[in-house]
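The structure file start_11.tsv is reproduced below (TSV, C-alpha atoms).
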chain	number	residue	atom	x	y	z
A	1286	MET	CA	20.01	13.11	-39.08
A	1287	GLU	CA	23.30	11.66	-37.82
A	1288	LYS	CA	23.52	7.95	-37.03
A	1289	HIS	CA	25.31	7.22	-33.76
A	1290	HIS	CA	24.44	3.60	-32.99
A	1291	SER	CA	24.91	0.35	-34.85
A	1292	CYS	CA	21.76	-1.72	-34.95
A	1293	LEU	CA	23.65	-4.25	-32.85
A	1294	ASN	CA	22.26	-2.18	-29.95
A	1295	SER	CA	18.67	-2.31	-31.17
A	1296	ARG	CA	19.13	-6.01	-31.90
A	1297	ALA	CA	20.09	-6.61	-28.26
A	1298	ILE	CA	16.82	-5.00	-27.13
A	1299	ILE	CA	14.73	-6.92	-29.65
A	1300	GLU	CA	16.32	-10.29	-28.87
A	1301	TYR	CA	15.79	-9.75	-25.15
A	1302	PHE	CA	12.04	-9.49	-25.74
A	1303	GLN	CA	11.97	-12.19	-28.41
A	1304	GLU	CA	13.26	-14.67	-25.84
A	1305	ARG	CA	10.95	-13.55	-23.03
A	1306	ASP	CA	7.80	-11.98	-24.46
A	1307	PRO	CA	7.82	-12.12	-28.28
A	1308	GLU	CA	4.28	-10.76	-28.56
A	1309	GLN	CA	5.53	-7.44	-27.18
A	1310	VAL	CA	8.24	-6.97	-29.82
A	1311	PRO	CA	6.05	-4.82	-32.15
A	1312	ARG	CA	5.50	-2.38	-29.28
A	1313	LEU	CA	9.24	-1.65	-29.25
A	1314	PHE	CA	8.82	0.06	-32.63
A	1315	GLN	CA	6.03	2.42	-31.59
A	1316	GLY	CA	6.81	6.12	-31.87
A	1317	LEU	CA	10.30	5.68	-33.32
A	1318	GLY	CA	9.65	8.43	-35.84
A	1319	PRO	CA	9.87	8.54	-39.65
A	1320	GLU	CA	13.47	7.30	-39.62
A	1321	ILE	CA	12.10	3.83	-38.80
A	1322	GLU	CA	8.36	4.06	-39.42
A	1323	ASN	CA	8.88	4.76	-43.14
A	1324	LEU	CA	10.88	1.55	-43.59
A	1325	PRO	CA	9.14	-1.40	-45.28
A	1326	ASP	CA	10.34	-3.78	-42.53
A	1327	PRO	CA	11.50	-2.06	-39.31
A	1328	LEU	CA	12.24	-5.38	-37.58
A	1329	GLU	CA	14.56	-6.57	-40.34
A	1330	PHE	CA	16.35	-3.22	-40.43
A	1331	LEU	CA	16.84	-2.97	-36.66
A	1332	MET	CA	18.16	-6.54	-36.47
A	1333	GLU	CA	20.87	-5.98	-39.09
A	1334	ILE	CA	24.06	-4.96	-37.26
A	1335	HIS	CA	25.52	-3.20	-40.30
A	1336	ASN	CA	22.69	-0.65	-40.23
A	1337	TRP	CA	22.94	2.47	-38.08
A	1338	VAL	CA	20.31	4.59	-36.34
A	1339	SER	CA	20.22	7.92	-34.53
A	1340	SER	CA	20.37	8.34	-30.77
A	1341	GLU	CA	16.75	9.47	-30.85
A	1342	VAL	CA	15.69	6.03	-32.08
A	1343	MET	CA	17.65	4.24	-29.36
A	1344	ILE	CA	16.27	6.56	-26.68
A	1345	ARG	CA	12.71	5.74	-27.74
A	1346	MET	CA	13.43	2.01	-27.87
A	1347	PHE	CA	14.81	2.04	-24.32
A	1348	ARG	CA	11.77	4.00	-23.13
A	1349	ASN	CA	9.45	1.57	-24.88
A	1350	ALA	CA	11.28	-1.34	-23.23
A	1351	ARG	CA	10.82	0.21	-19.79
A	1352	LYS	CA	7.17	0.94	-20.47
A	1353	ILE	CA	6.45	-2.57	-21.74
A	1354	SER	CA	8.30	-4.36	-18.94
A	1355	GLY	CA	7.58	-1.97	-16.08
A	1356	ASP	CA	11.20	-2.56	-15.05
A	1357	GLU	CA	13.33	0.54	-14.43
A	1358	HIS	CA	16.50	-1.60	-14.56
A	1359	ILE	CA	15.75	-3.37	-17.81
A	1360	ALA	CA	18.50	-1.49	-19.69
A	1361	PHE	CA	21.11	-3.07	-17.39
A	1362	LYS	CA	19.56	-6.50	-17.85
A	1363	MET	CA	19.47	-6.17	-21.63
A	1364	GLY	CA	23.12	-5.08	-21.67
A	1365	PHE	CA	24.13	-7.99	-19.45
A	1366	GLU	CA	22.16	-10.46	-21.54
A	1367	SER	CA	23.74	-9.19	-24.76
A	1368	ALA	CA	27.17	-10.14	-23.38
A	1369	ALA	CA	26.29	-13.13	-21.19
A	1370	ARG	CA	23.83	-15.09	-23.33
A	1371	LYS	CA	24.71	-18.72	-23.77
A	1372	LYS	CA	24.38	-18.60	-27.53
A	1373	LEU	CA	27.33	-16.52	-28.63
A	1374	GLY	CA	26.40	-13.53	-30.75
A	1375	TYR	CA	28.44	-11.16	-32.89
A	1376	VAL	CA	29.89	-9.18	-29.98
A	1377	GLN	CA	30.94	-12.25	-28.04
A	1378	ARG	CA	32.67	-13.78	-31.04
A	1379	ILE	CA	34.57	-10.57	-31.76
A	1380	ILE	CA	35.71	-10.34	-28.15
A	1381	LEU	CA	36.48	-14.04	-27.81
A	1382	PHE	CA	38.54	-14.44	-30.97
A	1383	ALA	CA	40.36	-11.13	-30.73
A	1384	TYR	CA	41.11	-10.64	-27.06
A	1385	ARG	CA	40.94	-14.02	-25.23
A	1386	ASN	CA	40.29	-12.71	-21.69
A	1387	PRO	CA	38.56	-9.84	-19.84
A	1388	ARG	CA	41.76	-7.90	-19.21
A	1389	ARG	CA	42.84	-7.85	-22.85
A	1390	THR	CA	39.29	-7.04	-23.87
A	1391	LEU	CA	39.08	-4.01	-21.60
A	1392	ARG	CA	42.41	-2.71	-22.83
A	1393	ARG	CA	40.92	-2.53	-26.31
A	1394	VAL	CA	37.40	-1.54	-25.35
A	1395	GLN	CA	37.55	1.71	-27.35
A	1396	LYS	CA	38.08	-0.27	-30.57
A	1397	ILE	CA	35.12	-2.46	-29.71
A	1398	ASN	CA	33.00	0.58	-28.87
A	1399	ASP	CA	33.88	2.31	-32.15
A	1400	LYS	CA	32.53	-0.64	-34.10
A	1401	PHE	CA	29.05	-0.09	-32.70
A	1402	ASN	CA	28.74	3.44	-31.24
A	1403	ARG	CA	29.71	7.01	-32.06
A	1404	ASN	CA	28.32	8.72	-28.99
A	1405	LYS	CA	31.16	8.43	-26.49
A	1406	ARG	CA	34.87	7.99	-25.87
A	1407	VAL	CA	36.01	5.14	-23.63
A	1408	GLU	CA	38.99	5.68	-21.33
A	1409	VAL	CA	40.58	2.71	-19.59
A	1410	VAL	CA	42.17	4.18	-16.47
A	1411	GLU	CA	43.54	0.96	-15.01
A	1412	THR	CA	43.55	-2.79	-15.68
A	1413	THR	CA	44.94	-5.73	-13.70
A	1414	ARG	CA	44.33	-9.46	-13.83
A	1415	ASN	CA	40.97	-9.18	-12.10
A	1416	ARG	CA	39.92	-5.55	-11.98
A	1417	ALA	CA	39.69	-2.41	-14.10
A	1418	VAL	CA	38.57	1.20	-14.02
A	1419	VAL	CA	36.74	2.46	-17.09
A	1420	ARG	CA	35.39	5.93	-17.89
A	1421	LEU	CA	32.77	6.75	-20.49
A	1422	HIS	CA	33.04	10.29	-21.83
A	1423	TRP	CA	29.69	11.00	-23.48
A	1424	PHE	CA	29.64	13.47	-26.35
A	1425	PRO	CA	27.42	16.35	-25.16
A	1426	GLU	CA	26.13	17.10	-28.66
A	1427	VAL	CA	24.65	13.59	-28.98
A	1428	PRO	CA	21.33	13.02	-27.17
A	1429	ALA	CA	21.55	10.43	-24.39
A	1430	ILE	CA	19.60	9.16	-21.38
A	1431	PRO	CA	20.60	7.20	-18.23
A	1432	ASP	CA	19.51	3.97	-19.94
A	1433	PHE	CA	22.66	4.22	-22.07
A	1434	CYS	CA	24.75	4.14	-18.91
A	1435	GLU	CA	22.80	1.22	-17.46
A	1436	PHE	CA	23.08	-0.71	-20.72
A	1437	ASN	CA	26.86	-0.30	-20.73
A	1438	LYS	CA	27.13	-1.33	-17.08
A	1439	GLY	CA	25.25	-4.50	-17.95
A	1440	ILE	CA	27.64	-5.24	-20.81
A	1441	TYR	CA	30.72	-4.75	-18.60
A	1442	CYS	CA	29.13	-6.95	-15.95
A	1443	GLY	CA	28.58	-9.72	-18.48
A	1444	ILE	CA	31.96	-9.67	-20.25
A	1445	PRO	CA	33.71	-12.23	-17.96
A	1446	THR	CA	30.91	-14.75	-18.53
A	1447	ILE	CA	32.10	-15.13	-22.12
A	1448	TRP	CA	35.01	-17.14	-20.70
A	1449	ASN	CA	32.75	-19.02	-18.25
A	1450	LEU	CA	33.75	-16.74	-15.38
A	1451	PRO	CA	31.27	-15.26	-12.89
A	1452	PRO	CA	29.82	-11.86	-13.81
A	1453	ALA	CA	31.93	-8.86	-12.93
A	1454	LEU	CA	31.06	-6.66	-9.98
A	1455	VAL	CA	30.43	-3.16	-11.33
A	1456	GLU	CA	30.51	-0.14	-9.04
A	1457	GLU	CA	29.70	3.22	-10.58
A	1458	THR	CA	31.55	5.94	-8.67
A	1459	LYS	CA	30.67	8.81	-11.02
A	1460	CYS	CA	27.77	9.29	-13.40
A	1461	TYR	CA	27.49	11.75	-16.27
A	1462	PHE	CA	23.72	11.62	-15.97
A	1463	GLN	CA	23.89	12.80	-12.37
A	1464	GLY	CA	26.03	15.82	-13.15
A	1465	ASP	CA	29.53	14.34	-13.22
A	1466	GLU	CA	31.94	14.87	-16.10
A	1467	TYR	CA	31.82	11.19	-17.09
A	1468	CYS	CA	30.62	7.78	-15.98
A	1469	GLU	CA	33.28	5.83	-14.07
A	1470	TYR	CA	32.98	2.08	-13.49
A	1471	HIS	CA	35.14	0.05	-11.12
A	1472	LEU	CA	35.07	-3.56	-12.30
A	1473	ARG	CA	36.13	-6.67	-10.41
A	1474	TRP	CA	35.96	-10.27	-11.54
A	1475	THR	CA	37.24	-13.54	-10.12
A	1476	LYS	CA	39.23	-16.18	-11.91
A	1477	SER	CA	39.60	-19.75	-10.72
A	1478	TYR	CA	41.63	-22.48	-12.33
A	1479	SER	CA	39.57	-25.63	-11.94
A	1480	LEU	CA	39.98	-28.42	-14.46
A	1481	LYS	CA	36.34	-28.01	-15.44
A	1482	GLU	CA	36.81	-24.37	-16.32
A	1483	ALA	CA	40.01	-25.10	-18.19
A	1484	ILE	CA	38.13	-27.61	-20.34
A	1485	LEU	CA	35.27	-25.18	-20.85
A	1486	ASN	CA	37.67	-22.43	-21.87
A	1487	PHE	CA	39.13	-24.83	-24.40
A	1488	LEU	CA	35.70	-25.73	-25.76
A	1489	VAL	CA	34.27	-22.21	-25.95
A	1490	PRO	CA	36.16	-21.28	-29.15
A	1491	TRP	CA	34.78	-24.40	-30.84
A	1492	ARG	CA	31.29	-23.44	-29.73
A	1493	ALA	CA	31.87	-19.96	-31.11
A	1494	LEU	CA	33.12	-21.42	-34.38
A	1495	ASN	CA	29.99	-23.55	-34.76
A	1496	TYR	CA	27.74	-20.58	-34.15
A	1497	THR	CA	29.81	-18.52	-36.55
A	1498	ILE	CA	29.23	-21.11	-39.26
A	1499	GLU	CA	25.50	-21.04	-38.52
A	1500	GLU	CA	25.46	-17.25	-38.73
A	1501	LEU	CA	27.40	-17.33	-41.99
A	1502	GLU	CA	24.82	-19.69	-43.47
A	1503	LYS	CA	22.08	-17.31	-42.39
A	1504	ASP	CA	24.01	-14.39	-43.85
A	1505	LYS	CA	24.41	-16.30	-47.11
A	1506	GLU	CA	20.65	-16.81	-47.33
A	1507	LEU	CA	20.07	-13.16	-46.48
A	1508	LEU	CA	22.51	-12.05	-49.19
A	1509	LYS	CA	20.79	-14.34	-51.67
A	1510	LYS	CA	17.44	-12.81	-50.76
A	1511	LYS	CA	18.84	-9.29	-51.07
A	1512	PHE	CA	20.42	-10.15	-54.42
A	1513	ASN	CA	17.07	-11.35	-55.73
A	1514	GLU	CA	15.40	-8.19	-54.48
A	1515	VAL	CA	18.05	-6.03	-56.14
A	1516	HIS	CA	17.68	-8.03	-59.36
A	1517	VAL	CA	13.91	-7.44	-59.38
A	1518	LEU	CA	14.42	-3.74	-58.68
A	1519	ASN	CA	16.99	-3.56	-61.46
A	1520	MET	CA	14.56	-5.12	-63.93
A	1521	GLU	CA	11.85	-2.69	-62.86
A	1522	LEU	CA	14.30	0.19	-63.21
A	1523	GLN	CA	15.25	-0.91	-66.71
A	1524	GLU	CA	11.57	-1.08	-67.64
A	1525	LYS	CA	10.98	2.42	-66.26
A	1526	LEU	CA	14.04	3.68	-68.10
A	1527	ALA	CA	12.77	2.22	-71.36
A	1528	GLN	CA	9.43	3.93	-70.78
A	1529	LEU	CA	11.15	7.25	-70.07
A	1530	LEU	CA	13.27	6.95	-73.20
A	1531	GLN	CA	10.15	6.21	-75.23
A	1532	LEU	CA	8.41	9.20	-73.67
A	1533	GLN	CA	11.44	11.39	-74.39
A	1534	ALA	CA	11.44	10.28	-78.02
A	1535	SER	CA	7.71	11.02	-78.27
A	1536	LEU	CA	8.21	14.47	-76.77
A	1537	GLN	CA	11.07	15.22	-79.15
A	1538	GLU	CA	8.95	14.09	-82.09
A	1539	SER	CA	6.03	16.22	-80.89
A	1540	GLU	CA	8.32	19.22	-80.39
A	1541	ALA	CA	9.74	18.78	-83.88
A	1542	ARG	CA	6.23	18.71	-85.38
A	1543	PHE	CA	5.26	21.80	-83.40
A	1544	ARG	CA	8.38	23.68	-84.49
A	1545	ASN	CA	7.73	22.70	-88.09
A	1546	LEU	CA	4.16	23.95	-87.78
A	1547	LEU	CA	5.30	27.29	-86.37
A	1548	GLU	CA	8.06	27.62	-88.92
A	1549	HIS	CA	5.73	27.25	-91.88
A	1550	LEU	CA	2.61	28.86	-90.44
A	1551	PRO	CA	1.59	31.24	-93.26
A	1552	GLY	CA	1.10	34.91	-92.42
A	1553	VAL	CA	1.64	34.50	-88.66
A	1554	ALA	CA	4.87	35.96	-87.33
A	1555	VAL	CA	6.02	34.05	-84.25
A	1556	GLN	CA	8.89	35.10	-82.01
A	1557	GLY	CA	10.14	33.40	-78.90
A	1558	PHE	CA	12.10	35.42	-76.36
A	1559	SER	CA	13.29	35.05	-72.79
A	1560	THR	CA	12.23	37.19	-69.84
A	1561	ASP	CA	15.04	39.65	-70.54
A	1562	GLY	CA	13.81	40.15	-74.11
A	1563	THR	CA	16.50	38.09	-75.86
A	1564	VAL	CA	15.20	36.43	-79.03
A	1565	ARG	CA	15.27	32.63	-78.94
A	1566	TYR	CA	13.04	31.83	-81.93
A	1567	TRP	CA	12.15	33.66	-85.15
A	1568	ASN	CA	10.00	31.97	-87.80
A	1569	LYS	CA	9.85	32.59	-91.55
A	1570	ALA	CA	6.80	34.83	-91.31
A	1571	SER	CA	8.78	37.05	-88.89
A	1572	GLU	CA	11.60	37.21	-91.44
A	1573	GLU	CA	9.17	38.34	-94.13
A	1574	LEU	CA	7.32	40.82	-91.90
A	1575	TYR	CA	10.24	42.53	-90.17
A	1576	GLY	CA	13.07	41.98	-92.66
A	1577	TYR	CA	15.51	40.21	-90.30
A	1578	ALA	CA	16.70	36.69	-91.03
A	1579	ALA	CA	16.40	34.24	-88.13
A	1580	LYS	CA	20.18	33.99	-87.78
A	1581	GLU	CA	20.34	37.79	-87.43
A	1582	ALA	CA	17.55	38.04	-84.88
A	1583	VAL	CA	18.27	35.12	-82.54
A	1584	GLY	CA	20.44	36.23	-79.64
A	1585	ARG	CA	19.60	39.93	-79.93
A	1586	LYS	CA	17.17	41.97	-77.85
A	1587	MET	CA	13.67	42.64	-79.11
A	1588	THR	CA	14.25	46.31	-78.30
A	1589	GLU	CA	17.16	46.32	-80.76
A	1590	LEU	CA	15.00	44.88	-83.52
A	1591	ILE	CA	11.30	45.70	-83.60
A	1592	VAL	CA	10.26	47.45	-80.37
A	1593	PRO	CA	10.30	51.25	-80.91
A	1594	PRO	CA	11.71	53.56	-78.20
A	1595	GLU	CA	8.31	54.80	-77.03
A	1596	LEU	CA	7.21	51.21	-76.33
A	1597	THR	CA	10.39	50.11	-74.52
A	1598	LEU	CA	9.04	50.86	-71.03
A	1599	GLY	CA	5.75	49.08	-71.69
A	1600	PHE	CA	7.59	46.13	-73.23
A	1601	GLY	CA	9.73	45.85	-70.08
A	1602	LYS	CA	6.60	45.76	-67.92
A	1603	MET	CA	5.17	43.08	-70.18
A	1604	LEU	CA	8.34	41.00	-69.75
A	1605	ALA	CA	8.11	41.35	-65.96
A	1606	ARG	CA	4.47	40.34	-66.08
A	1607	GLY	CA	5.36	37.36	-68.24
A	1608	ALA	CA	8.06	36.27	-65.78
A	1609	LYS	CA	5.51	36.49	-62.98
A	1610	ALA	CA	3.02	34.50	-65.01
A	1611	THR	CA	5.41	31.51	-65.07
A	1612	HIS	CA	4.85	31.21	-61.30
A	1613	THR	CA	1.29	32.46	-60.86
A	1614	GLY	CA	-0.35	31.31	-64.09
A	1615	GLU	CA	-1.49	34.87	-64.81
A	1616	LEU	CA	-1.85	35.51	-68.55
A	1617	VAL	CA	-0.40	38.47	-70.46
A	1618	PRO	CA	-3.32	40.01	-72.38
A	1619	PRO	CA	-3.09	40.59	-76.17
A	1620	GLY	CA	-2.79	44.09	-77.61
A	1621	GLU	CA	-2.30	46.28	-80.68
A	1622	ALA	CA	1.09	47.85	-81.45
A	1623	ASN	CA	3.02	49.52	-84.27
A	1624	LEU	CA	6.40	47.79	-84.44
A	1625	LEU	CA	9.55	48.58	-86.40
A	1626	THR	CA	10.85	46.79	-89.47
A	1627	ARG	CA	14.45	46.60	-90.61
A	1628	SER	CA	13.87	49.49	-92.99
A	1629	GLY	CA	12.60	51.69	-90.15
A	1630	SER	CA	8.99	51.67	-91.24
A	1631	ARG	CA	6.18	50.81	-88.88
A	1632	VAL	CA	3.91	47.81	-89.18
A	1633	PRO	CA	0.69	47.40	-87.18
A	1634	VAL	CA	0.39	44.05	-85.42
A	1635	HIS	CA	-2.01	42.29	-83.09
A	1636	ALA	CA	0.29	40.77	-80.46
A	1637	ILE	CA	-0.67	37.64	-78.54
A	1638	HIS	CA	1.66	36.49	-75.77
A	1639	THR	CA	1.93	33.03	-74.26
A	1640	VAL	CA	4.17	31.94	-71.42
I'd like the structure from this file rewritten - as structure tokens, please.
Amino acid sequence: MEKHHSCLNSRAIIEYFQERDPEQVPRLFQGLGPEIENLPDPLEFLMEIHNWVSSEVMIRMFRNARKISGDEHIAFKMGFESAARKKLGYVQRIILFAYRNPRRTLRRVQKINDKFNRNKRVEVVETTRNRAVVRLHWFPEVPAIPDFCEFNKGIYCGIPTIWNLPPALVEETKCYFQGDEYCEYHLRWTKSYSLKEAILNFLVPWRALNYTIEELEKDKELLKKKFNEVHVLNMELQEKLAQLLQLQASLQESEARFRNLLEHLPGVAVQGFSTDGTVRYWNKASEELYGYAAKEAVGRKMTELIVPPELTLGFGKMLARGAKATHTGELVPPGEANLLTRSGSRVPVHAIHTV
């Protein structure tokens, strides 16, 4: 299953509920399917922005969020909150450090989108100092629901707040989910130049830097934890490998003993052959009984050595039955036969076949 969304998106949903109704967070994970349900810790996975999930998972999370909250507009609110929250997160820091203002951010919105989504193409039709027109071209082969549109509208609405500006006004003039070719947003934001805002704009990068340091410390602890987990798994793997090597050695020793037993079994001629009748094994008793040395017999067909012409058809049926027995467990019954020796004479044998 293809992964179209960074878990930054699922993290935005989870954090929204963690701040408002943390007891409901487990309900967000209900019915997400084996992609998530088979994980040892779904919460940890869905909070890690470097992980990716399918569109199906995000669709179910948005539906769960609507069901839990009873709010049909919660996708917009979660999108807005992910951009406008006072504590700067990963997205805000990327935007703040790289692009400095809403206009520059929107000019590079496709690059930002590509970091976290693979389900649409973003087209910036127009940008000025305080307005922009943006189109979202959704990929038709990727499942999507209107919540995706609402979530993005919320994000665009919240972008100016990163620089302590009022939220943008977002007017959707076309909507892919209502039959249009794409979603088109007309954005407007205001910019004032008060001394207070100038000071705040100066202080915001320092606030972002402090939060970045905090996040790096958390990441360091997470990496340490993951390293310890990997170390434990590596030790367990080495132990399993040692056990497998020991088992392999035991099997080889057992096989060697068995071959030695067959090789020196007195008076019992043993041949091993594949399902096409090619000889793979020929013990000493076979050499004595039929007159062919093992090096002469191995690699040749049984019908060239000891199976007489009148038994060739029956031998072929026996081979087919033996091949079938490898899948069904059906046994090939024993029987009496007069087989050929190297000299051309016949020798009566009681043949027992095992698969």
Where is the centre and how long are the edges: axis-aligned box on stretch 1402-1416 of chain A, 5 Å on each side, Å to one decimal, as AutoDock Vina command-line options:
--center_x 36.6 --center_y -0.4 --center_z -22.0 --size_x 26.6 --size_y 28.2 --size_z 30.1
Among listed residues A:Val1342, A:Ile1298, A:Leu1293, A:Ile1430, nearest A:Leu1317 (using only C-alpha atoms):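 The answer is A:Val1342, which sits nearest to A:Leu1317.
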Computed interatomic separation between atom CA of A:Tyr1301 and atom CA of A:Glu1366 (Å):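 These atoms are spaced 7.4 Å apart.
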Two-atom distance - atom CA of A:Cys1468, atom CA of A:Glu1300 (Å):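 Computing it gives 26.4 Å between the two atoms.
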Among listed residues A:Thr1412, A:Ser1295, A:Gln1309, A:Asn1545, nearest A:Gly1364 (using all atoms listed in the file): A:Ser1295
Please, can stretch 1582-1610 of chain A be completed to N, CA and C atoms and returned as a CSV table (one decimal), in the coordinates of the input?
chain,number,residue,atom,x,y,z
A,1582,ALA,N,18.4,37.6,-86.0
A,1582,ALA,CA,17.6,38.0,-84.9
A,1582,ALA,C,17.8,37.3,-83.6
A,1583,VAL,N,18.1,36.0,-83.7
A,1583,VAL,CA,18.3,35.1,-82.5
A,1583,VAL,C,19.5,35.6,-81.8
A,1584,GLY,N,19.3,35.8,-80.5
A,1584,GLY,CA,20.4,36.2,-79.6
A,1584,GLY,C,20.5,37.7,-79.4
A,1585,ARG,N,19.7,38.5,-80.1
A,1585,ARG,CA,19.6,39.9,-79.9
A,1585,ARG,C,18.3,40.3,-79.1
A,1586,LYS,N,18.3,41.5,-78.6
A,1586,LYS,CA,17.2,42.0,-77.8
A,1586,LYS,C,16.0,42.4,-78.8
A,1587,MET,N,14.8,42.2,-78.3
A,1587,MET,CA,13.7,42.6,-79.1
A,1587,MET,C,13.7,44.2,-79.3
A,1588,THR,N,14.2,44.8,-78.2
A,1588,THR,CA,14.2,46.3,-78.3
A,1588,THR,C,15.3,46.8,-79.3
A,1589,GLU,N,16.2,45.9,-79.7
A,1589,GLU,CA,17.2,46.3,-80.8
A,1589,GLU,C,16.6,46.1,-82.2
A,1590,LEU,N,15.5,45.3,-82.2
A,1590,LEU,CA,15.0,44.9,-83.5
A,1590,LEU,C,13.7,45.6,-83.9
A,1591,ILE,N,12.6,45.3,-83.1
A,1591,ILE,CA,11.3,45.7,-83.6
A,1591,ILE,C,10.5,46.5,-82.6
A,1592,VAL,N,11.0,46.7,-81.4
A,1592,VAL,CA,10.3,47.4,-80.4
A,1592,VAL,C,10.7,48.9,-80.4
A,1593,PRO,N,9.9,49.8,-80.8
A,1593,PRO,CA,10.3,51.2,-80.9
A,1593,PRO,C,10.6,51.9,-79.5
A,1594,PRO,N,11.3,53.0,-79.5
A,1594,PRO,CA,11.7,53.6,-78.2
A,1594,PRO,C,10.5,53.9,-77.3
A,1595,GLU,N,9.4,54.4,-77.9
A,1595,GLU,CA,8.3,54.8,-77.0
A,1595,GLU,C,7.6,53.6,-76.4
A,1596,LEU,N,7.9,52.4,-76.9
A,1596,LEU,CA,7.2,51.2,-76.3
A,1596,LEU,C,8.1,50.4,-75.4
A,1597,THR,N,9.4,50.9,-75.3
A,1597,THR,CA,10.4,50.1,-74.5
A,1597,THR,C,10.0,49.9,-73.1
A,1598,LEU,N,9.5,51.0,-72.4
A,1598,LEU,CA,9.0,50.9,-71.0
A,1598,LEU,C,7.9,49.9,-70.9
A,1599,GLY,N,6.9,50.0,-71.7
A,1599,GLY,CA,5.8,49.1,-71.7
A,1599,GLY,C,6.2,47.6,-72.0
A,1600,PHE,N,7.1,47.5,-72.9
A,1600,PHE,CA,7.6,46.1,-73.2
A,1600,PHE,C,8.3,45.5,-72.0
A,1601,GLY,N,9.1,46.3,-71.3
A,1601,GLY,CA,9.7,45.8,-70.1
A,1601,GLY,C,8.7,45.4,-69.0
A,1602,LYS,N,7.6,46.2,-68.9
A,1602,LYS,CA,6.6,45.8,-67.9
A,1602,LYS,C,5.9,44.5,-68.4
A,1603,MET,N,5.8,44.3,-69.7
A,1603,MET,CA,5.2,43.1,-70.2
A,1603,MET,C,6.1,41.9,-69.9
A,1604,LEU,N,7.4,42.1,-70.0
A,1604,LEU,CA,8.3,41.0,-69.8
A,1604,LEU,C,8.3,40.6,-68.3
A,1605,ALA,N,8.2,41.6,-67.4
A,1605,ALA,CA,8.1,41.4,-66.0
A,1605,ALA,C,6.8,40.6,-65.6
A,1606,ARG,N,5.8,41.0,-66.3
A,1606,ARG,CA,4.5,40.3,-66.1
A,1606,ARG,C,4.5,38.9,-66.6
A,1607,GLY,N,5.2,38.7,-67.7
A,1607,GLY,CA,5.4,37.4,-68.2
A,1607,GLY,C,6.2,36.5,-67.3
A,1608,ALA,N,7.3,37.0,-66.7
A,1608,ALA,CA,8.1,36.3,-65.8
A,1608,ALA,C,7.2,35.9,-64.6
A,1609,LYS,N,6.4,36.8,-64.1
A,1609,LYS,CA,5.5,36.5,-63.0
A,1609,LYS,C,4.5,35.4,-63.3
A,1610,ALA,N,4.0,35.5,-64.6
A,1610,ALA,CA,3.0,34.5,-65.0
A,1610,ALA,C,3.5,33.1,-65.0
